[in-house]
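Step one of this worksheet: look at the structure below.
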Amino acid sequence: MRDFQVPPVVEIPRSGGLADSVYETAERTPDLPALARRGGPDGTEWTPVSAAAFRDEVMALAKGLLASGIVFGERVAVMSRTRYEWTLFSYAVWSIGATVVPVYPTSSAEQIRWILADAEVVAIVVEHEDHAMSVGTACGGLPLRRMWQLDDGCIDRLIEEGREVPEALVGRHRHAVGPDSTATITYTSGTTGRPKGCVITHANLMVECDTLFAGWSVILAERGEQPSLLAFLPLSHIYGLMVQVFCIRNGVTLGHQPDLAPSELLPAFASFRPTFVFAVPYIFEKIYSRARQVAQESGRGDLFDRAADVAQRYAEAIECRHMGLGPGPGPMLRAAHAVFDRMVFSKLRSVLGGRVRYAVSGGSSLRRELGLLFAGAGITIYEGYGLTETTGAVTGQPVGRVRFGTVGRPLPGCAVHISEDGDIWVRGGVVFSRYHNDPQATEAVLEDSWFATGDIGHLDDAGYLVITGRKKDIIITSGGKSTSPYVLEERIRAHSMVSQCLVVGDDRPYIAALITLDPDALHHWLRLRGRDVNGTGGHGGGRTDAPSHSVPDLSDQELHDEIQRAVTAANSAVSRAESVRAFRILPGEFTAAGGLVTPSLKLRRSAIVKAYARDIEELYTV
């Protein structure tokens with residue numbers, strides 16, 4: 001199958017913009033808990049913010065923006081972690097017809113300057129003094145008129161500054177916004193060069209969020225309680241920004257968590273207790289790994305592994321029943337599942353606060369085995385696929401018809417085409433209009449409303465999309481063998497100790513891999529063996545982006561053998577010519593701070609190859 005499309009379930013809006021939903025919801029249901037703000041001495045108390053209160057804050061801040069000189073159509077950048085004020089500023093900016101330009105809070109001065117210059121930003125919101133200094137370093141000679149700092153009371157000052165501005169003036173600006181107006185210029189993560197600014201319209205985000213809600217509205221409200229969601233993904237990424245709009249537009253209570261570290265995120269889940277989760281595979285991997293570690297440390301590792309096996313088989317049997325390929329779980333499997341639900345699965349669900357039964361995963365592919373495990377444990381993960389250029393998701397798993405290991409069907413109103421050489425092309429109301437200031441790049445990817453994603457894959461017999469790699473990442477060995485590194489990297493990463501994997505082999509005689517280890521998993525592995533965790537060392541002379549604590553000697557044979565098992569298991573999925581013949585364990589993870597991964601955690605392949613050139617060379621000289 002090369003083509004599949006799904007009819008639309010929502011109309012493309014003919015008037016209005018994103019900010020309208022704030023004012024309309026406040027008018028219709030003023031007491032609705034639109035958001036929740038974290039507080040209390042230990043940060044575990046959440047105070048609801050009503051729709052009416054949020055509208056009033058947005059209006060007051062919008063008046064301040066007008067008073068400060070921001071005019072219709074100008075660009076305002078936001079450089080902050082995920083927090084309440086990010087959402088507040090974005091809706092205030094949209095209320096006056098200006099455009100939001102997200103900037104990753106981890107951006108370097110060079111990246112900041114490029115985005116501010118390319119988008120012609122006139123004002124920027126930063127979170128704290130470090131950000132302000134980075135912007136100050138970068139903005140020389142740019143037309144930047146204002147910089148506001150969240151942690152320096154800028155919101156209160158702006159509200160005071162706009163006190164005399166009439167609300168009707170904000171209203172006139174808001175009503176001048178149309179669906180085709182630019183809502184955001186969101187920059188790609190820039191894995192292979194300078195980030196490109198994707199022009200995303202109000203209609204793009206409205207169609208995306210309305211389509212998703214049309215499919216999920218039933219499950220969001222099936223338990224008769226107010227749906228709620230904890231936003232922890234970066235709002236500077238289109239996925240995170242889409243989640244924010246989805247909540248505000250559809251009356252889902254939105255909370256914010258700025259830190260993705262498990263030590264901060266898991267307590268936030270426990271106190272906020274969301275009913276639904278939007279995440280990336282990394283989060284589900286961490287939850288599973290941590291649960292397994294706890295079980296092993298308490299002497300119940302074998303019990304946990306048996307429960308995981310039952311969960312996967314149970315979910316797979318249900319999946320087959322939905323596909324018409326079997327009767328579903330048999331009596332023995334149902335009985336085992338019921339026992340493990342009380343003993344293990346309920347504890348796994350409690351990690352997310354205990355109320356989540358459905359989740360969404362995007363940003364990269366979720367392993368089929370992990371999706372089955374969570375589904376069998378009572379949390380169905382609906383995986384989707386999209387890019388910045390598609391305003392987030394362009395495909396997704398249909399409700400009640402999940403096929404694990406795929407990224408679902410085209411969203412209603414969208415279409416997928418697979419070219420002769422496996423390229424994935426997509427079309428629909430979610431596809432962006434152009435790259436800002438880059439007509440040549442736009443022309444290269446847009447043709448008759450079809451967008452060339454750059455990914456490769458195939459459609460199964462029911463129209464479900466399977467991603468098999470990224471076209472530009474294809475490796476061609478010196479023997480002429482073409483290999484997509486995607487399958488190998490994902491399978492090696494399935495090992496609980498592996499954090500990252502980069503497969504190499506261009507113009508080389510065979511395939512090899514650079515592997516980094518998860519520090520927590522590594523220390524857990526050492527503790528179980530009564531080993532020293534305070535050693536140092538590692539292979540080779542490549543660059544070290546090591547975690548803050550020391551790591552053991554990575555030349556240890558037992559450790560090498562453990563990772564060899566992961567490589568051997570991965571090789572079983574490919575031919576001999578495509579298999580990993582050699583690998584190198586590196587002394588530290590690839591980090592965004594080191595310039596080796598993007599803020600959305602995608603590997604910067606060329607940067608890693610350059611930084612670890614010596615290690616790669618040694619893989620072919622031993």
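Letters A, B, ... go to the chains of the structure tokens in the order shown; residues in each chain start at 1; ligands are counted from 1 in the same order.
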Residue set, region 340-523 of chain A restricted to strand (DSSP E), as a compact mmCIF listing (two decimals) with C-alpha atoms, in the first residue's frame:
# COMPACT_ATOMS: atom_id res chain seq x y z
CA TYR A 358 -4.38 6.52 28.42
CA ALA A 359 -1.27 8.30 27.19
CA VAL A 360 0.25 9.63 23.98
CA SER A 361 3.83 9.11 22.89
CA THR A 380 -2.76 2.31 26.68
CA ILE A 381 -0.19 4.43 24.86
CA TYR A 382 -1.39 5.96 21.60
CA GLU A 383 1.69 6.57 19.52
CA GLY A 384 1.76 9.30 16.89
CA TYR A 385 4.16 10.68 14.34
CA GLY A 386 4.86 14.18 13.14
CA LEU A 387 7.40 16.94 12.76
CA GLY A 392 2.89 17.96 15.85
CA ALA A 393 1.06 14.80 14.92
CA VAL A 394 0.07 13.93 11.36
CA THR A 395 -0.61 10.26 12.19
CA GLY A 396 -1.89 8.61 15.34
CA ARG A 409 -3.00 5.97 10.61
CA PRO A 410 -3.15 9.47 9.13
CA CYS A 414 -4.65 13.96 6.48
CA ALA A 415 -3.07 11.65 3.93
CA VAL A 416 0.17 9.65 3.70
CA HIS A 417 1.93 8.71 0.47
CA ILE A 418 4.94 6.38 0.23
CA ASP A 423 9.99 8.38 1.27
CA ILE A 424 7.07 9.45 3.44
CA TRP A 425 5.00 12.34 2.07
CA VAL A 426 2.08 13.82 4.03
CA ARG A 427 -0.74 16.26 3.33
CA GLY A 428 -3.45 17.93 5.44
CA ARG A 434 6.57 27.66 4.55
CA TYR A 435 10.00 28.10 6.08
CA LEU A 446 6.54 21.23 -0.49
CA GLU A 447 4.98 20.13 -3.76
CA TRP A 450 2.41 17.50 -0.15
CA PHE A 451 5.26 17.71 2.39
CA ALA A 452 8.34 15.50 2.03
CA THR A 453 9.15 14.48 5.61
CA GLY A 454 12.62 13.07 4.93
CA ASP A 455 11.67 9.91 6.81
CA ILE A 456 11.33 6.49 5.23
CA GLY A 457 8.78 3.82 6.03
CA HIS A 458 5.83 1.80 4.77
CA LEU A 459 2.08 1.41 5.22
CA LEU A 465 2.46 3.73 9.15
CA VAL A 466 5.73 2.08 10.17
CA ILE A 467 8.82 4.31 10.38
CA THR A 468 12.03 2.57 9.36
CA GLY A 469 14.51 5.43 9.41
CA ARG A 470 15.59 8.84 8.24
CA ILE A 475 24.76 4.39 5.90
CA ILE A 476 26.57 3.06 2.82
CA SER A 482 22.97 0.46 2.35
CA THR A 483 21.77 0.27 5.96
CA VAL A 498 21.97 1.61 27.30
CA SER A 499 21.17 5.31 27.17
CA GLN A 500 22.14 6.19 23.58
CA CYS A 501 23.49 4.43 20.52
CA LEU A 502 24.95 5.83 17.31
CA VAL A 503 25.60 3.39 14.49
CA VAL A 504 28.43 4.31 12.11
CA ILE A 511 28.94 -1.44 10.73
CA ALA A 512 30.00 -0.36 14.23
CA ALA A 513 28.40 1.53 17.12
CA LEU A 514 29.12 4.11 19.81
CA ILE A 515 27.16 3.34 22.99
CA THR A 516 26.56 5.40 26.13
CA LEU A 517 25.22 4.02 29.39
Go through region 201-237 of chain A and flag each residue having an atom no more than 10 Å from region 80-97 of chain A; for those, report the closest pair of atoms plus their distance in Å to one decimal, using only C-alpha atoms, ordered by chain and rising number, as a Markdown table.
| residue | atom | partner | partner_atom | distance |
| --- | --- | --- | --- | --- |
| A:His202 | CA | A:Trp94 | CA | 9.3 |
| A:Ala231 | CA | A:Thr82 | CA | 7.2 |
| A:Phe232 | CA | A:Thr82 | CA | 6.2 |
| A:Leu233 | CA | A:Thr82 | CA | 7.0 |
| A:Pro234 | CA | A:Thr82 | CA | 5.6 |
| A:Leu235 | CA | A:Thr82 | CA | 5.8 |
| A:Ser236 | CA | A:Ser80 | CA | 8.0 |
Residues just named, written with N, CA and C atoms as a PDB file, in the first residue's frame:
ATOM      1  N   HIS A 202      -2.509  29.950  12.889  1.00  0.00           N
ATOM      2  CA  HIS A 202      -3.532  29.666  13.891  1.00  0.00           C
ATOM      3  C   HIS A 202      -4.378  28.480  13.442  1.00  0.00           C
ATOM      4  N   ALA A 231       1.858  19.304  31.829  1.00  0.00           N
ATOM      5  CA  ALA A 231       2.773  19.632  30.735  1.00  0.00           C
ATOM      6  C   ALA A 231       4.197  19.668  31.271  1.00  0.00           C
ATOM      7  N   PHE A 232       5.048  18.822  30.723  1.00  0.00           N
ATOM      8  CA  PHE A 232       6.455  18.827  31.122  1.00  0.00           C
ATOM      9  C   PHE A 232       7.384  18.847  29.909  1.00  0.00           C
ATOM     10  N   LEU A 233       6.826  18.590  28.720  1.00  0.00           N
ATOM     11  CA  LEU A 233       7.631  18.707  27.509  1.00  0.00           C
ATOM     12  C   LEU A 233       7.956  20.179  27.255  1.00  0.00           C
ATOM     13  N   PRO A 234       9.081  20.484  26.614  1.00  0.00           N
ATOM     14  CA  PRO A 234       9.423  21.890  26.360  1.00  0.00           C
ATOM     15  C   PRO A 234       8.357  22.575  25.507  1.00  0.00           C
ATOM     16  N   LEU A 235       7.849  23.703  25.951  1.00  0.00           N
ATOM     17  CA  LEU A 235       6.886  24.465  25.163  1.00  0.00           C
ATOM     18  C   LEU A 235       7.559  25.128  23.962  1.00  0.00           C
ATOM     19  N   SER A 236       8.875  25.116  23.949  1.00  0.00           N
ATOM     20  CA  SER A 236       9.615  25.635  22.804  1.00  0.00           C
ATOM     21  C   SER A 236       9.642  24.634  21.655  1.00  0.00           C
TER      22      SER A 236
END
**Report entry** Residue contacts of His337 (chain A) (8 Å, only C-alpha atoms) excluding same-chain residues fewer than 4 positions away, as a PyMOL selection string
**Finding:** chain A and resi 307+310-311+314+333+341
Go ahead and save the residues from that selection, with N, CA and C atoms, as a short mmCIF file (atom, residue, chain, number, x, y, z; two decimals), in the first residue's frame.
data_model
loop_
_atom_site.label_atom_id
_atom_site.label_comp_id
_atom_site.auth_asym_id
_atom_site.auth_seq_id
_atom_site.Cartn_x
_atom_site.Cartn_y
_atom_site.Cartn_z
N ALA A 307 5.62 -10.67 35.54
CA ALA A 307 4.47 -9.79 35.35
C ALA A 307 4.57 -9.06 34.01
N VAL A 310 3.58 -11.40 31.24
CA VAL A 310 2.12 -11.58 31.20
C VAL A 310 1.46 -10.34 30.60
N ALA A 311 1.92 -9.13 30.99
CA ALA A 311 1.33 -7.90 30.47
C ALA A 311 1.46 -7.85 28.96
N TYR A 314 -0.80 -10.49 27.31
CA TYR A 314 -2.21 -10.10 27.47
C TYR A 314 -2.58 -9.01 26.47
N LEU A 333 -4.43 -16.89 31.04
CA LEU A 333 -3.77 -15.59 30.91
C LEU A 333 -4.56 -14.51 31.64
N ASP A 341 -2.06 -7.70 38.28
CA ASP A 341 -2.62 -6.35 38.33
C ASP A 341 -2.61 -5.83 39.77
#
Query raised in the report: Quick one: residues within 12 Å of Ser606 (chain A), only C-alpha atoms counted, chain neighbours fewer than 2 positions away excluded, as a ChimeraX atom specification?
Result: /A:190-193,472-473,502-504,506,595-597,602-604,608-613
Output of the above residues as a PDB file, in the first residue's frame, restricted to C-alpha atoms:
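The file below, out-v3.pdb, is the result:
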ATOM      1  CA  GLY A 190      18.711  21.590  13.615  1.00  0.00           C
ATOM      2  CA  THR A 191      20.214  18.102  13.607  1.00  0.00           C
ATOM      3  CA  THR A 192      22.071  18.737  10.352  1.00  0.00           C
ATOM      4  CA  GLY A 193      22.596  22.493  10.244  1.00  0.00           C
ATOM      5  CA  LYS A 472      19.654  11.323   5.280  1.00  0.00           C
ATOM      6  CA  ASP A 473      20.919   8.876   7.936  1.00  0.00           C
ATOM      7  CA  LEU A 502      24.950   5.832  17.312  1.00  0.00           C
ATOM      8  CA  VAL A 503      25.596   3.390  14.488  1.00  0.00           C
ATOM      9  CA  VAL A 504      28.432   4.306  12.111  1.00  0.00           C
ATOM     10  CA  ASP A 506      29.816   5.204   6.069  1.00  0.00           C
ATOM     11  CA  GLY A 595      26.203  20.144  21.391  1.00  0.00           C
ATOM     12  CA  LEU A 596      25.729  16.433  20.683  1.00  0.00           C
ATOM     13  CA  VAL A 597      21.943  16.168  21.021  1.00  0.00           C
ATOM     14  CA  LYS A 602      17.692  13.798  18.929  1.00  0.00           C
ATOM     15  CA  LEU A 603      21.279  12.823  18.167  1.00  0.00           C
ATOM     16  CA  ARG A 604      23.358  15.318  16.183  1.00  0.00           C
ATOM     17  CA  ILE A 608      29.053  13.128  17.398  1.00  0.00           C
ATOM     18  CA  VAL A 609      31.080  11.642  14.539  1.00  0.00           C
ATOM     19  CA  LYS A 610      33.394  14.657  14.627  1.00  0.00           C
ATOM     20  CA  ALA A 611      33.720  14.692  18.431  1.00  0.00           C
ATOM     21  CA  TYR A 612      34.441  10.966  18.638  1.00  0.00           C
ATOM     22  CA  ALA A 613      36.498  10.632  15.449  1.00  0.00           C
TER      23      ALA A 613
END
Report task. Write out as a PyMOL selection string the residues lying within 12 Å of Ala119 (chain A), counting only C-alpha atoms and excluding same-chain residues fewer than 5 positions away. Result -> chain A and resi 73-77+99-103+112-114+124+142-144+182+184-187+195-199+435-438
For the selection you just gave me, I'd like the residues written to a file as a compact mmCIF listing (two decimals), in the first residue's frame, keeping N, CA, C and O atoms.
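Now in selection.txt:
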# COMPACT_ATOMS: atom_id res chain seq x y z
N GLY A 73 1.27 41.80 14.49
CA GLY A 73 2.15 41.16 13.52
C GLY A 73 3.61 41.08 13.91
O GLY A 73 4.39 40.40 13.23
N GLU A 74 4.02 41.78 14.99
CA GLU A 74 5.43 41.70 15.41
C GLU A 74 5.69 40.37 16.10
O GLU A 74 4.79 39.66 16.52
N ARG A 75 6.99 40.06 16.21
CA ARG A 75 7.38 38.76 16.78
C ARG A 75 7.96 38.94 18.18
O ARG A 75 8.84 39.77 18.41
N VAL A 76 7.44 38.12 19.10
CA VAL A 76 7.89 38.13 20.49
C VAL A 76 8.42 36.74 20.82
O VAL A 76 7.70 35.75 20.69
N ALA A 77 9.68 36.66 21.25
CA ALA A 77 10.29 35.38 21.58
C ALA A 77 10.05 35.05 23.06
O ALA A 77 9.95 35.94 23.90
N THR A 99 3.13 37.41 17.04
CA THR A 99 3.57 36.04 16.78
C THR A 99 4.55 35.58 17.86
O THR A 99 5.46 36.32 18.24
N VAL A 100 4.35 34.34 18.32
CA VAL A 100 5.24 33.75 19.32
C VAL A 100 6.41 33.06 18.63
O VAL A 100 6.20 32.27 17.70
N VAL A 101 7.62 33.33 19.09
CA VAL A 101 8.82 32.66 18.58
C VAL A 101 9.49 31.93 19.74
O VAL A 101 10.15 32.55 20.57
N PRO A 102 9.28 30.61 19.85
CA PRO A 102 9.90 29.88 20.96
C PRO A 102 11.41 29.76 20.79
O PRO A 102 11.90 29.56 19.67
N VAL A 103 12.13 29.86 21.91
CA VAL A 103 13.57 29.66 21.92
C VAL A 103 13.88 28.67 23.04
O VAL A 103 13.44 28.86 24.18
N ILE A 112 20.74 31.55 19.71
CA ILE A 112 19.81 32.62 20.07
C ILE A 112 19.88 33.74 19.04
O ILE A 112 18.86 34.24 18.55
N ARG A 113 21.09 34.13 18.70
CA ARG A 113 21.25 35.23 17.74
C ARG A 113 20.64 34.87 16.39
O ARG A 113 19.96 35.69 15.77
N TRP A 114 20.85 33.63 15.95
CA TRP A 114 20.32 33.22 14.65
C TRP A 114 18.79 33.32 14.64
O TRP A 114 18.19 33.86 13.73
N ILE A 124 11.74 39.90 23.76
CA ILE A 124 11.93 38.53 24.22
C ILE A 124 11.62 38.42 25.71
O ILE A 124 11.93 39.33 26.48
N LEU A 142 20.95 43.77 16.72
CA LEU A 142 19.62 43.28 16.33
C LEU A 142 18.55 44.30 16.71
O LEU A 142 18.74 45.09 17.64
N PRO A 143 17.39 44.25 16.04
CA PRO A 143 16.31 45.22 16.34
C PRO A 143 15.49 44.84 17.57
O PRO A 143 14.28 45.03 17.59
N LEU A 144 16.15 44.30 18.60
CA LEU A 144 15.45 43.88 19.81
C LEU A 144 15.21 45.11 20.70
O LEU A 144 16.16 45.73 21.17
N THR A 182 -0.13 34.14 11.21
CA THR A 182 0.96 33.34 11.79
C THR A 182 0.84 33.33 13.31
O THR A 182 0.86 34.38 13.94
N THR A 184 2.94 31.12 15.25
CA THR A 184 4.28 30.91 15.78
C THR A 184 5.26 30.62 14.65
O THR A 184 4.90 30.02 13.63
N ILE A 185 6.46 31.09 14.83
CA ILE A 185 7.57 30.64 13.98
C ILE A 185 8.41 29.75 14.88
O ILE A 185 9.14 30.24 15.76
N THR A 186 8.24 28.45 14.70
CA THR A 186 8.90 27.48 15.56
C THR A 186 10.06 26.86 14.80
O THR A 186 9.89 26.35 13.69
N TYR A 187 11.23 26.87 15.41
CA TYR A 187 12.43 26.43 14.72
C TYR A 187 12.68 24.95 14.91
O TYR A 187 12.46 24.39 15.99
N PRO A 195 18.90 25.73 12.38
CA PRO A 195 17.46 25.49 12.47
C PRO A 195 16.69 26.33 11.45
O PRO A 195 17.08 27.45 11.12
N LYS A 196 15.62 25.76 10.94
CA LYS A 196 14.75 26.48 10.00
C LYS A 196 13.46 26.86 10.71
O LYS A 196 12.89 26.07 11.47
N GLY A 197 12.99 28.09 10.46
CA GLY A 197 11.79 28.59 11.11
C GLY A 197 10.54 28.14 10.38
O GLY A 197 10.30 28.56 9.24
N CYS A 198 9.74 27.30 11.02
CA CYS A 198 8.49 26.81 10.41
C CYS A 198 7.36 27.78 10.74
O CYS A 198 7.08 28.05 11.91
N VAL A 199 6.74 28.31 9.70
CA VAL A 199 5.63 29.24 9.88
C VAL A 199 4.36 28.43 10.12
O VAL A 199 3.84 27.78 9.21
N TYR A 435 8.89 27.75 5.19
CA TYR A 435 10.00 28.10 6.08
C TYR A 435 10.19 29.61 6.00
O TYR A 435 10.20 30.19 4.90
N HIS A 436 10.37 30.25 7.13
CA HIS A 436 10.54 31.69 7.17
C HIS A 436 11.85 32.10 6.51
O HIS A 436 12.92 31.55 6.81
N ASN A 437 11.75 33.05 5.59
CA ASN A 437 12.93 33.60 4.91
C ASN A 437 13.75 32.55 4.16
O ASN A 437 14.95 32.74 3.95
N ASP A 438 13.13 31.44 3.75
CA ASP A 438 13.91 30.40 3.07
C ASP A 438 13.07 29.74 1.98
O ASP A 438 12.67 28.58 2.09
